[in-house]
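Heads up: the structure comes next, in structure tokens.
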Amino acid sequence: MPAIRFTVLGDSFVEGRGDPAPGDGFRGWVSRFADWLNLPRAALLNLGVHGATTQDVVDGQLRRALVNKAPVTGVIVGVNDLIGDYDQVRFRRNLHTVFSSLAGADTTVLTAGYPDIPGNLQLPDLFRNQMRERFAEANAALYEVTRATGTLCLGLDRLPEWREPALWSEDGLHPSPLGHQRFADSMADLFSRATGMTALNAA
């Protein structure tokens, strides 16, 4: 069995919702990115859980990721905080805990900013604007933490293409198959530019 070379923590974005696999389950950007890294499935650990918050990652997933630290680690989490029981102080503290714990010379850590999900949803204008302010606040916290911890961050909120309906499933919360592929491609480009690598040795 190959060692774990790519671990991903997070929520349903990591799980792959919006991108169904033939038969059962999901494909998602994680498996697509693992294919780009030339990794067999046994070298991939996907910890993504539908509905997971930053607190869930801190309380459970982080421990599992640190047991056998992979050379590439992804983290996509936070939207469930933002659309649920959001607490600014707790949110920032959890982001710092996750990314500072994973940081180190032996690991490349990847994440992404929060796109304009409120713009995808059928919401009253006032509430949509309030949610957009929350997402902007969350992005500011995320970018501050990722700069401090050396985490590679894909700024989805700064990319106009992520406002295209084709990249989103009908619920407006999860990427479509095209969105998952676009995300995997963009993450591959970010990783390659930062590290000069296009594949991992899975042995």
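For the structure tokens, the naming scheme is as follows: chains receive sequential letters (A, B, ...) according to their order of presentation, residues are indexed from 1 within each chain, and ligands are indexed from 1 in presentation order.
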
Name the residues in contact with stretch 163-170 of chain A at a cut-off of 12 Å, using only C-alpha atoms, excluding same-chain residues fewer than 2 positions from it; report them as number ranges by chain.
A: 13, 16-20, 114-122, 156-161, 172-183

Can you pull out every residue within 9 Å of A:Ala65, counting only C-alpha atoms, but drop anything in the same chain fewer than 3 positions away, and send it as a VMD selection string?
chain A and resid 7 to 9 45 47 61 to 62 68 to 70 73 102

May I have the selected residues written with N, CA, C and O atoms, as a tab-separated table (two decimals), in the first residue's frame?
chain	number	residue	atom	x	y	z
A	7	THR	N	-3.72	14.65	1.42
A	7	THR	CA	-4.82	14.64	2.38
A	7	THR	C	-5.62	15.93	2.21
A	7	THR	O	-5.04	17.00	2.04
A	8	VAL	N	-6.94	15.82	2.27
A	8	VAL	CA	-7.79	17.00	2.14
A	8	VAL	C	-8.80	17.00	3.28
A	8	VAL	O	-9.48	16.01	3.53
A	9	LEU	N	-8.90	18.14	3.96
A	9	LEU	CA	-9.83	18.34	5.05
A	9	LEU	C	-10.94	19.28	4.61
A	9	LEU	O	-10.69	20.18	3.80
A	45	LEU	N	-6.22	10.65	0.96
A	45	LEU	CA	-7.10	10.61	2.12
A	45	LEU	C	-8.03	11.81	2.06
A	45	LEU	O	-7.60	12.95	2.26
A	47	LEU	N	-11.01	13.58	3.76
A	47	LEU	CA	-11.71	13.66	5.03
A	47	LEU	C	-12.98	14.51	4.95
A	47	LEU	O	-13.62	14.76	5.97
A	61	GLN	N	-11.02	16.27	12.16
A	61	GLN	CA	-10.25	16.00	10.95
A	61	GLN	C	-8.78	16.36	11.10
A	61	GLN	O	-7.90	15.66	10.58
A	62	LEU	N	-8.49	17.44	11.79
A	62	LEU	CA	-7.10	17.90	11.91
A	62	LEU	C	-6.22	16.84	12.55
A	62	LEU	O	-5.09	16.61	12.12
A	68	ASN	N	-0.25	11.07	10.03
A	68	ASN	CA	0.74	10.78	8.98
A	68	ASN	C	0.68	11.93	7.99
A	68	ASN	O	-0.04	11.87	6.99
A	69	LYS	N	1.43	12.97	8.27
A	69	LYS	CA	1.32	14.21	7.52
A	69	LYS	C	1.73	14.00	6.05
A	69	LYS	O	2.84	13.55	5.76
A	70	ALA	N	0.82	14.34	5.16
A	70	ALA	CA	1.06	14.15	3.73
A	70	ALA	C	1.88	15.32	3.18
A	70	ALA	O	1.80	16.44	3.69
A	73	THR	N	-1.37	18.87	1.30
A	73	THR	CA	-2.59	18.88	2.11
A	73	THR	C	-3.50	20.02	1.65
A	73	THR	O	-3.04	21.15	1.47
A	102	LEU	N	-0.88	22.71	10.28
A	102	LEU	CA	-0.47	21.99	9.08
A	102	LEU	C	0.79	22.55	8.45
A	102	LEU	O	1.47	21.85	7.69

I'd like to know which residues of stretch 10-196 of chain A are helix (DSSP H, G or I) (by DSSP, run on the backbone); could you write them as number ranges by chain?
A: 12-15, 28-36, 41-43, 54-67, 79-82, 88-102, 117-120, 125-149, 156-158, 160-163, 165-167, 177-195

How would you write, as number ranges by chain, the set of residues in stretch 111-162 of chain A that DSSP gives as strand (DSSP E)?
A: 111-112, 152-154

Write out as a PyMOL selection string which residues come within 8 Å of A:Gly150 when counting only C-alpha atoms, dropping same-chain ones fewer than 3 positions away.
chain A and resi 103+109+146-147

How would the residues just chosen look if you wrote them out with N, CA, C and O atoms as a compact mmCIF listing (two decimals), in the first residue's frame?
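So result.txt came out as:
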# COMPACT_ATOMS: atom_id res chain seq x y z
N ALA A 103 1.12 23.79 8.75
CA ALA A 103 2.26 24.45 8.10
C ALA A 103 3.57 23.75 8.43
O ALA A 103 3.73 23.17 9.50
N VAL A 109 0.55 23.29 1.70
CA VAL A 109 -0.86 23.38 2.09
C VAL A 109 -1.59 24.29 1.11
O VAL A 109 -1.12 25.38 0.78
N THR A 146 -3.52 32.79 5.83
CA THR A 146 -2.73 32.04 4.85
C THR A 146 -1.40 32.74 4.56
O THR A 146 -0.38 32.08 4.36
N ARG A 147 -1.40 34.06 4.55
CA ARG A 147 -0.13 34.78 4.38
C ARG A 147 0.82 34.47 5.54
O ARG A 147 2.01 34.24 5.34

For a test of reading the model, state the distance in Å between atom CA of A:Arg93 and atom CA of A:Val75, rounded to one decimal.
15.2 Å

Can you tell me, as a compact mmCIF listing (two decimals) with N, CA, C and O atoms, in the first residue's frame, what residues are no more than 7 Å from A:Ala199 when counting only C-alpha atoms, ignoring any on the same chain fewer than 5 positions away?
# COMPACT_ATOMS: atom_id res chain seq x y z
N TRP A 36 -4.22 14.42 -11.51
CA TRP A 36 -3.19 15.31 -12.07
C TRP A 36 -1.85 15.08 -11.38
O TRP A 36 -0.79 15.15 -12.02
N LEU A 37 -1.88 14.77 -10.09
CA LEU A 37 -0.66 14.47 -9.35
C LEU A 37 -0.14 13.06 -9.63
O LEU A 37 0.92 12.67 -9.14
N ASN A 38 -0.89 12.31 -10.42
CA ASN A 38 -0.53 10.94 -10.78
C ASN A 38 -0.51 10.03 -9.55
O ASN A 38 0.38 9.17 -9.41

If you measure from atom CA of A:Thr53 to atom CA of A:Ala148, what distance in Å do you get, rounded to one decimal?
21.6 Å

Using only C-alpha atoms for the distances, tell me which of A:Phe33, A:Leu200, A:Arg134, A:Trp162 is nearest to A:Gly84.
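Looking at the shortest contact to A:Gly84, the residue is A:Arg134.
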
As an exercise, work out the distance from atom CA of A:Ala184 to atom CA of A:Val98 in Å and give it to one decimal place.
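These two atoms are separated by 21.6 Å.
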
With only C-alpha atoms as the basis for distance, which of A:Thr149, A:Asn80, A:Gln88, A:Gln130 is at the shortest distance from A:Ala105?
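Once distances to A:Ala105 are computed over only C-alpha atoms, the minimum belongs to A:Thr149.
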
Could you check the closest approach to A:Gly104 for each of A:Ala188, A:Leu44, A:Val72, A:Ala141 and tell me which residue wins, using only C-alpha atoms?
A:Val72

From A:Ser186, A:Thr54, A:Ser192, A:Thr151, residue lying nearest A:Leu110 [only C-alpha atoms]
A:Thr151

Using only C-alpha atoms for the distances, tell me which of A:Asp85, A:Asp171, A:Asp106, A:Asp185 is nearest to A:Arg5.
A:Asp106

Show me, as a tab-separated table (two decimals) with N, CA and C atoms, in the first residue's frame, the residues that have an atom within 10 Å of A:Glu144 when counting only C-alpha atoms, minus same-chain residues fewer than 4 positions from it.
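Resulting contents of around-v6.tsv:
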chain	number	residue	atom	x	y	z
A	92	ARG	N	-12.01	32.94	12.96
A	92	ARG	CA	-10.61	33.31	12.74
A	92	ARG	C	-9.68	32.42	13.56
A	95	LEU	N	-9.43	28.98	11.87
A	95	LEU	CA	-8.57	29.04	10.68
A	95	LEU	C	-7.11	29.05	11.08
A	96	HIS	N	-6.77	29.85	12.07
A	96	HIS	CA	-5.38	29.93	12.51
A	96	HIS	C	-4.90	28.58	13.06
A	138	ALA	N	-14.84	37.09	6.05
A	138	ALA	CA	-14.21	35.78	6.14
A	138	ALA	C	-13.01	35.67	5.21
A	139	ASN	N	-13.14	36.22	4.00
A	139	ASN	CA	-12.01	36.20	3.07
A	139	ASN	C	-10.83	37.01	3.62
A	140	ALA	N	-11.11	38.14	4.22
A	140	ALA	CA	-10.03	38.94	4.80
A	140	ALA	C	-9.30	38.16	5.88
A	148	ALA	N	0.29	34.47	6.75
A	148	ALA	CA	1.11	34.26	7.94
A	148	ALA	C	1.65	32.84	8.03
A	149	THR	N	0.94	31.87	7.45
A	149	THR	CA	1.33	30.47	7.59
A	149	THR	C	1.95	29.89	6.32
